[in-house]
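Note sheet for the following structure.
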Amino acid sequence: MNLFVEILLFLVTLIYSYLEAFVKLFIPVKRKSVSGELVLITGAGHGIGRVTALEFAKRQSRLVLWDISKHNVEETATECKRLGATVQAFVVDCSKREEIYSAAEKVKQEIGDVSILVNNAGVITAADFLSTQDHQIERMFEVNILAHMWTTKAFLPTMMENNHGHIVTVASAAGHFAISYMVTYCSSKFAAVGFHKALTDELSTLGKDGIKTTCLCPVFVNTGFVKNPTARLGKILEIEEVVEVLMEGILTNKKMVFVPPHQSVALLIERLFPERALAFLKKLTNVKFDAVIGQRSTQ
Ligand SMILES: NC(=O)c1ccc[n+]([C@@H]2O[C@H](COP(=O)([O-])OP(=O)(O)OC[C@H]3O[C@@H](n4cnc5c(N)ncnc54)[C@H](O)[C@@H]3O)[C@@H](O)[C@H]2O)c1
């Protein structure tokens, strides 16, 4: 096709998309049912994973819960059962590829095909880069991004066959914004956001429009994951409010879920503002948390 015509078509598509988004503001959004879907949640023993499991249980989903902590994952399972859900809990260390693959095989053979995968398990070591030990760097990458790849490799093939499913990536605001004393964590979360975006693109290229993806990017959440976080502008989020927005995002097939939502404006500002102004803004927000600083690690 002639380049001029293609550019014209692009402009028409752009205007149409804006108009469509504007009209949608006034139309109630349709939420899908997750009743009967087999939902697997990693890191379901505590925090965001646990509350997300409870929300799926309330909506009559069948649940498979993974966590490294036996006591915690069983406690979540008991709470979900109290809500009437069918639940199976497994102890899985998501830092280990082979453990993920063998647990996934067990799920497929004994329970069924996972149609909603929530990659939530995460770890953090807050420290300046040179104080972060090698094994801590490796673990953050193993759990925060590689595990997402192994679980997706295990469960995506059936979703592809059925052209039905949903892959949820629990990333972080740290997957979009750089934070000192979280160099490795940020790197692993930038990777998780990249994985979500590229996978979304690939599924679209392959015509698998029945497989949806959602990426959750919250700022600090009150789970104890980061120790003593404070910020001058903005508050520390409660788990329930984050999971409420996440569930809304999943049920409406939203691709990127920022909590709070104004992070998307901050992203735009980051691209537009000069460096000095950004540095000033950073000082103004005054983000703080407990971190190991100045204890150089040789390994
Ligand atoms: N809390 C925050 O401030 C915050 C902010 C943004 C994003 N997140 C992300 O949200 C996700 C959940 O964090 P949270 O705040 O609920 O933390 P949390 O510590 O309350 O829960 C994490 C769960 O993951 C489990 N887990 C850790 N390592 C594991 C492993 N190797 N295998 C299996 N399970 C493992 C833990 O046992 C725990 O139950 C993480 O991916 C985190 O990066 C958290």
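Letters A, B, ... mark the chains of the structure tokens in the order given; residue numbers begin at 1 per chain; ligand numbers begin at 1, in order shown.
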Can you list, as a PDB file with N, CA and C atoms, in the first residue's frame, all residues belonging to region 39-125 of chain A that DSSP tags as alpha helix (DSSP H)?
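Output below, filename states-v9.pdb:
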```pdb
ATOM      1  N   GLY A  47       0.422 -11.661  52.099  1.00  0.00           N
ATOM      2  CA  GLY A  47       0.349 -10.387  51.376  1.00  0.00           C
ATOM      3  C   GLY A  47      -0.600 -10.384  50.190  1.00  0.00           C
ATOM      4  N   ILE A  48      -0.140  -9.824  49.086  1.00  0.00           N
ATOM      5  CA  ILE A  48      -0.970  -9.635  47.893  1.00  0.00           C
ATOM      6  C   ILE A  48      -1.474 -10.990  47.369  1.00  0.00           C
ATOM      7  N   GLY A  49      -0.594 -12.002  47.387  1.00  0.00           N
ATOM      8  CA  GLY A  49      -0.969 -13.334  46.895  1.00  0.00           C
ATOM      9  C   GLY A  49      -2.113 -13.921  47.691  1.00  0.00           C
ATOM     10  N   ARG A  50      -2.039 -13.799  49.017  1.00  0.00           N
ATOM     11  CA  ARG A  50      -3.092 -14.372  49.873  1.00  0.00           C
ATOM     12  C   ARG A  50      -4.437 -13.678  49.624  1.00  0.00           C
ATOM     13  N   VAL A  51      -4.425 -12.341  49.618  1.00  0.00           N
ATOM     14  CA  VAL A  51      -5.692 -11.608  49.448  1.00  0.00           C
ATOM     15  C   VAL A  51      -6.270 -11.837  48.041  1.00  0.00           C
ATOM     16  N   THR A  52      -5.397 -11.982  47.052  1.00  0.00           N
ATOM     17  CA  THR A  52      -5.869 -12.269  45.696  1.00  0.00           C
ATOM     18  C   THR A  52      -6.543 -13.641  45.662  1.00  0.00           C
ATOM     19  N   ALA A  53      -5.963 -14.601  46.359  1.00  0.00           N
ATOM     20  CA  ALA A  53      -6.563 -15.948  46.428  1.00  0.00           C
ATOM     21  C   ALA A  53      -7.964 -15.860  47.033  1.00  0.00           C
ATOM     22  N   LEU A  54      -8.107 -15.087  48.096  1.00  0.00           N
ATOM     23  CA  LEU A  54      -9.418 -14.946  48.745  1.00  0.00           C
ATOM     24  C   LEU A  54     -10.433 -14.313  47.789  1.00  0.00           C
ATOM     25  N   GLU A  55      -9.978 -13.355  46.994  1.00  0.00           N
ATOM     26  CA  GLU A  55     -10.897 -12.704  46.043  1.00  0.00           C
ATOM     27  C   GLU A  55     -11.367 -13.679  44.961  1.00  0.00           C
ATOM     28  N   PHE A  56     -10.444 -14.521  44.478  1.00  0.00           N
ATOM     29  CA  PHE A  56     -10.855 -15.520  43.479  1.00  0.00           C
ATOM     30  C   PHE A  56     -11.788 -16.554  44.126  1.00  0.00           C
ATOM     31  N   ALA A  57     -11.508 -16.894  45.387  1.00  0.00           N
ATOM     32  CA  ALA A  57     -12.367 -17.859  46.097  1.00  0.00           C
ATOM     33  C   ALA A  57     -13.790 -17.323  46.206  1.00  0.00           C
ATOM     34  N   LYS A  58     -13.917 -16.019  46.505  1.00  0.00           N
ATOM     35  CA  LYS A  58     -15.251 -15.399  46.611  1.00  0.00           C
ATOM     36  C   LYS A  58     -15.997 -15.474  45.287  1.00  0.00           C
ATOM     37  N   LYS A  70       5.066 -23.653  53.902  1.00  0.00           N
ATOM     38  CA  LYS A  70       3.990 -24.646  54.055  1.00  0.00           C
ATOM     39  C   LYS A  70       2.889 -24.097  54.965  1.00  0.00           C
ATOM     40  N   HIS A  71       3.303 -23.576  56.112  1.00  0.00           N
ATOM     41  CA  HIS A  71       2.332 -23.094  57.089  1.00  0.00           C
ATOM     42  C   HIS A  71       1.453 -21.989  56.476  1.00  0.00           C
ATOM     43  N   ASN A  72       2.089 -21.033  55.823  1.00  0.00           N
ATOM     44  CA  ASN A  72       1.326 -19.897  55.287  1.00  0.00           C
ATOM     45  C   ASN A  72       0.401 -20.297  54.145  1.00  0.00           C
ATOM     46  N   VAL A  73       0.888 -21.160  53.250  1.00  0.00           N
ATOM     47  CA  VAL A  73       0.048 -21.508  52.090  1.00  0.00           C
ATOM     48  C   VAL A  73      -1.153 -22.351  52.551  1.00  0.00           C
ATOM     49  N   GLU A  74      -0.917 -23.173  53.589  1.00  0.00           N
ATOM     50  CA  GLU A  74      -2.035 -23.974  54.107  1.00  0.00           C
ATOM     51  C   GLU A  74      -3.055 -23.087  54.812  1.00  0.00           C
ATOM     52  N   GLU A  75      -2.550 -22.042  55.467  1.00  0.00           N
ATOM     53  CA  GLU A  75      -3.455 -21.106  56.139  1.00  0.00           C
ATOM     54  C   GLU A  75      -4.330 -20.383  55.100  1.00  0.00           C
ATOM     55  N   THR A  76      -3.711 -19.958  53.993  1.00  0.00           N
ATOM     56  CA  THR A  76      -4.492 -19.304  52.917  1.00  0.00           C
ATOM     57  C   THR A  76      -5.525 -20.287  52.378  1.00  0.00           C
ATOM     58  N   ALA A  77      -5.096 -21.538  52.168  1.00  0.00           N
ATOM     59  CA  ALA A  77      -6.009 -22.550  51.620  1.00  0.00           C
ATOM     60  C   ALA A  77      -7.211 -22.745  52.546  1.00  0.00           C
ATOM     61  N   THR A  78      -6.968 -22.796  53.848  1.00  0.00           N
ATOM     62  CA  THR A  78      -8.060 -22.974  54.811  1.00  0.00           C
ATOM     63  C   THR A  78      -9.039 -21.809  54.711  1.00  0.00           C
ATOM     64  N   GLU A  79      -8.498 -20.591  54.601  1.00  0.00           N
ATOM     65  CA  GLU A  79      -9.373 -19.410  54.504  1.00  0.00           C
ATOM     66  C   GLU A  79     -10.195 -19.445  53.221  1.00  0.00           C
ATOM     67  N   CYS A  80      -9.581 -19.908  52.136  1.00  0.00           N
ATOM     68  CA  CYS A  80     -10.303 -19.988  50.851  1.00  0.00           C
ATOM     69  C   CYS A  80     -11.394 -21.051  50.923  1.00  0.00           C
ATOM     70  N   LYS A  81     -11.078 -22.175  51.582  1.00  0.00           N
ATOM     71  CA  LYS A  81     -12.067 -23.254  51.710  1.00  0.00           C
ATOM     72  C   LYS A  81     -13.268 -22.756  52.506  1.00  0.00           C
ATOM     73  N   ARG A  82     -12.996 -21.953  53.528  1.00  0.00           N
ATOM     74  CA  ARG A  82     -14.086 -21.389  54.341  1.00  0.00           C
ATOM     75  C   ARG A  82     -15.034 -20.574  53.467  1.00  0.00           C
ATOM     76  N   ARG A  97      13.825 -23.912  38.932  1.00  0.00           N
ATOM     77  CA  ARG A  97      13.117 -24.239  37.690  1.00  0.00           C
ATOM     78  C   ARG A  97      12.554 -25.646  37.704  1.00  0.00           C
ATOM     79  N   GLU A  98      13.375 -26.632  38.111  1.00  0.00           N
ATOM     80  CA  GLU A  98      12.922 -28.024  38.064  1.00  0.00           C
ATOM     81  C   GLU A  98      11.754 -28.251  39.020  1.00  0.00           C
ATOM     82  N   GLU A  99      11.799 -27.560  40.166  1.00  0.00           N
ATOM     83  CA  GLU A  99      10.708 -27.700  41.141  1.00  0.00           C
ATOM     84  C   GLU A  99       9.406 -27.140  40.546  1.00  0.00           C
ATOM     85  N   ILE A 100       9.525 -26.038  39.829  1.00  0.00           N
ATOM     86  CA  ILE A 100       8.342 -25.438  39.175  1.00  0.00           C
ATOM     87  C   ILE A 100       7.791 -26.399  38.138  1.00  0.00           C
ATOM     88  N   TYR A 101       8.687 -26.946  37.299  1.00  0.00           N
ATOM     89  CA  TYR A 101       8.218 -27.847  36.238  1.00  0.00           C
ATOM     90  C   TYR A 101       7.558 -29.097  36.813  1.00  0.00           C
ATOM     91  N   SER A 102       8.155 -29.679  37.874  1.00  0.00           N
ATOM     92  CA  SER A 102       7.545 -30.918  38.383  1.00  0.00           C
ATOM     93  C   SER A 102       6.237 -30.619  39.112  1.00  0.00           C
ATOM     94  N   ALA A 103       6.150 -29.479  39.811  1.00  0.00           N
ATOM     95  CA  ALA A 103       4.876 -29.123  40.462  1.00  0.00           C
ATOM     96  C   ALA A 103       3.813 -28.831  39.399  1.00  0.00           C
ATOM     97  N   ALA A 104       4.219 -28.184  38.309  1.00  0.00           N
ATOM     98  CA  ALA A 104       3.268 -27.863  37.228  1.00  0.00           C
ATOM     99  C   ALA A 104       2.723 -29.147  36.609  1.00  0.00           C
ATOM    100  N   GLU A 105       3.608 -30.130  36.438  1.00  0.00           N
ATOM    101  CA  GLU A 105       3.200 -31.419  35.858  1.00  0.00           C
ATOM    102  C   GLU A 105       2.164 -32.094  36.767  1.00  0.00           C
ATOM    103  N   LYS A 106       2.421 -32.030  38.064  1.00  0.00           N
ATOM    104  CA  LYS A 106       1.512 -32.610  39.058  1.00  0.00           C
ATOM    105  C   LYS A 106       0.128 -31.929  38.976  1.00  0.00           C
ATOM    106  N   VAL A 107       0.158 -30.620  38.869  1.00  0.00           N
ATOM    107  CA  VAL A 107      -1.104 -29.861  38.775  1.00  0.00           C
ATOM    108  C   VAL A 107      -1.866 -30.299  37.530  1.00  0.00           C
ATOM    109  N   LYS A 108      -1.150 -30.401  36.394  1.00  0.00           N
ATOM    110  CA  LYS A 108      -1.811 -30.749  35.132  1.00  0.00           C
ATOM    111  C   LYS A 108      -2.423 -32.136  35.200  1.00  0.00           C
ATOM    112  N   GLN A 109      -1.679 -33.074  35.790  1.00  0.00           N
ATOM    113  CA  GLN A 109      -2.154 -34.459  35.818  1.00  0.00           C
ATOM    114  C   GLN A 109      -3.232 -34.696  36.869  1.00  0.00           C
ATOM    115  N   GLU A 110      -3.069 -34.081  38.039  1.00  0.00           N
ATOM    116  CA  GLU A 110      -3.982 -34.398  39.139  1.00  0.00           C
ATOM    117  C   GLU A 110      -5.160 -33.436  39.261  1.00  0.00           C
TER     118      GLU A 110
END
```
List as a PDB file with C-alpha atoms, in the first residue's frame the protein and nucleic acid residues lying within 9 Å of ligand 1, with only C-alpha atoms and all ligand atoms counted.
```pdb
ATOM      1  CA  THR A  42       2.445 -18.172  43.310  1.00  0.00           C
ATOM      2  CA  GLY A  43       3.455 -16.652  46.642  1.00  0.00           C
ATOM      3  CA  ALA A  44      -0.104 -17.211  47.893  1.00  0.00           C
ATOM      4  CA  GLY A  45       0.936 -17.642  51.519  1.00  0.00           C
ATOM      5  CA  HIS A  46       1.072 -13.968  52.434  1.00  0.00           C
ATOM      6  CA  GLY A  47       0.349 -10.387  51.376  1.00  0.00           C
ATOM      7  CA  ILE A  48      -0.970  -9.635  47.893  1.00  0.00           C
ATOM      8  CA  GLY A  49      -0.969 -13.334  46.895  1.00  0.00           C
ATOM      9  CA  ARG A  50      -3.092 -14.372  49.873  1.00  0.00           C
ATOM     10  CA  VAL A  51      -5.692 -11.608  49.448  1.00  0.00           C
ATOM     11  CA  TRP A  66       1.960 -22.227  45.626  1.00  0.00           C
ATOM     12  CA  ASP A  67       4.302 -20.860  48.252  1.00  0.00           C
ATOM     13  CA  ILE A  68       7.663 -21.676  49.768  1.00  0.00           C
ATOM     14  CA  SER A  69       6.080 -21.528  53.245  1.00  0.00           C
ATOM     15  CA  LYS A  70       3.990 -24.646  54.055  1.00  0.00           C
ATOM     16  CA  ASN A  72       1.326 -19.897  55.287  1.00  0.00           C
ATOM     17  CA  VAL A  73       0.048 -21.508  52.090  1.00  0.00           C
ATOM     18  CA  VAL A  91       4.968 -26.087  48.725  1.00  0.00           C
ATOM     19  CA  VAL A  92       7.016 -24.882  45.753  1.00  0.00           C
ATOM     20  CA  ASP A  93      10.248 -22.939  45.770  1.00  0.00           C
ATOM     21  CA  CYS A  94       9.826 -20.685  42.745  1.00  0.00           C
ATOM     22  CA  SER A  95      13.550 -19.979  42.619  1.00  0.00           C
ATOM     23  CA  LYS A  96      14.043 -23.534  41.315  1.00  0.00           C
ATOM     24  CA  ASN A 119       2.851 -14.814  38.970  1.00  0.00           C
ATOM     25  CA  ASN A 120       3.047 -13.031  42.294  1.00  0.00           C
ATOM     26  CA  ALA A 121       5.880 -14.539  44.400  1.00  0.00           C
ATOM     27  CA  GLY A 122       8.640 -12.024  44.885  1.00  0.00           C
ATOM     28  CA  VAL A 123      11.722 -11.343  47.001  1.00  0.00           C
ATOM     29  CA  ILE A 124      13.760  -8.258  47.757  1.00  0.00           C
ATOM     30  CA  ARG A 139      17.550 -15.097  43.948  1.00  0.00           C
ATOM     31  CA  MET A 140      15.829 -11.823  43.012  1.00  0.00           C
ATOM     32  CA  GLU A 142      15.151 -16.354  39.885  1.00  0.00           C
ATOM     33  CA  VAL A 143      11.957 -15.523  41.781  1.00  0.00           C
ATOM     34  CA  ASN A 144      10.988 -12.122  40.358  1.00  0.00           C
ATOM     35  CA  ALA A 147       9.961 -18.104  37.689  1.00  0.00           C
ATOM     36  CA  THR A 169       2.328 -10.457  36.224  1.00  0.00           C
ATOM     37  CA  VAL A 170       2.772  -8.893  39.636  1.00  0.00           C
ATOM     38  CA  ALA A 171       5.559  -6.422  38.904  1.00  0.00           C
ATOM     39  CA  SER A 172       5.969  -3.102  40.715  1.00  0.00           C
ATOM     40  CA  ALA A 173       6.308   0.656  40.336  1.00  0.00           C
ATOM     41  CA  ALA A 174       9.995  -0.321  40.593  1.00  0.00           C
ATOM     42  CA  GLY A 175       9.533  -1.912  37.159  1.00  0.00           C
ATOM     43  CA  TYR A 185      15.103  -5.479  42.526  1.00  0.00           C
ATOM     44  CA  LYS A 189      10.946  -5.824  37.974  1.00  0.00           C
ATOM     45  CA  LEU A 216       0.183  -5.009  38.341  1.00  0.00           C
ATOM     46  CA  CYS A 217       2.493  -2.144  39.313  1.00  0.00           C
ATOM     47  CA  PRO A 218       1.874  -0.797  42.809  1.00  0.00           C
ATOM     48  CA  VAL A 219       4.026   1.536  44.889  1.00  0.00           C
ATOM     49  CA  PHE A 220       4.831   0.435  48.471  1.00  0.00           C
ATOM     50  CA  VAL A 221       2.228  -1.894  49.992  1.00  0.00           C
ATOM     51  CA  ASN A 222       1.868  -2.528  53.702  1.00  0.00           C
ATOM     52  CA  THR A 223       2.848  -6.231  53.709  1.00  0.00           C
ATOM     53  CA  GLY A 224       6.236  -6.087  55.445  1.00  0.00           C
ATOM     54  CA  PHE A 225       7.922  -6.913  52.118  1.00  0.00           C
ATOM     55  CA  VAL A 226       9.881  -3.630  52.223  1.00  0.00           C
ATOM     56  CA  LYS A 227      10.838  -2.610  55.744  1.00  0.00           C
ATOM     57  CA  PRO A 229       8.717   2.460  53.769  1.00  0.00           C
ATOM     58  CA  ILE A 236       1.754   3.421  51.729  1.00  0.00           C
ATOM     59  CA  LEU A 237      -0.993   1.274  50.220  1.00  0.00           C
ATOM     60  CA  ILE A 239      -3.173  -4.808  50.559  1.00  0.00           C
TER      61      ILE A 239
END
```
Could you build a table of the residues in region 154-271 of chain A lying no more than 8 Å from region 24-37 of chain A, giving for each the nearest pair of atoms and their separation in Å rounded to one decimal place, using only C-alpha atoms, ordered by chain and ascending residue number, as a Markdown table?
```
| residue | atom | partner | partner_atom | distance |
| --- | --- | --- | --- | --- |
| A:Glu248 | CA | A:Arg31 | CA | 7.8 |
| A:Leu251 | CA | A:Arg31 | CA | 4.9 |
| A:Thr252 | CA | A:Arg31 | CA | 5.1 |
```
- Determine the nearest neighbour of Met159 (chain A) from the options A:Leu117, A:Met1, A:Val287, A:Ile41, counting only C-alpha atoms. A:Leu117
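CA of Val64 (chain A) is positioned 26.4 Å from CA of Glu138 (chain A).
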- Apply DSSP to the backbone of this structure and, from region 54-91 of chain A, keep only the residues in strand (DSSP E or B); write these as number ranges by chain. A: 62-67, 87-91
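The smallest atom-to-atom distance between Lys197 (chain A) and any of A:Lys212, A:Arg62, A:Arg232, A:Lys282, using only C-alpha atoms, is found for A:Lys212.
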- Of the residues A:Glu241, A:Ser131, A:Ile211, A:Gln295, which is the one nearest to Pro260 (chain A), using only C-alpha atoms? A:Glu241
- Task: Would you kindly return, as a PyMOL selection string, each protein, DNA or RNA residue with an atom no farther than 12 Å from any atom of Leu267 (chain A), considering only C-alpha atoms and excluding same-chain residues fewer than 6 positions away?
- Result: chain A and resi 173-178+258+261+273+278
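Between CA of Thr125 (chain A) and CA of Ile137 (chain A) lies a distance of 8.2 Å.
Considering the residues A:His135, A:Lys153, A:Lys288, A:Arg296 and counting only C-alpha atoms, Leu233 (chain A) has its shortest atom-to-atom contact with A:Lys288.
When CA of Ile179 (chain A) is paired with CA of Asp128 (chain A), their separation reads 10.3 Å.
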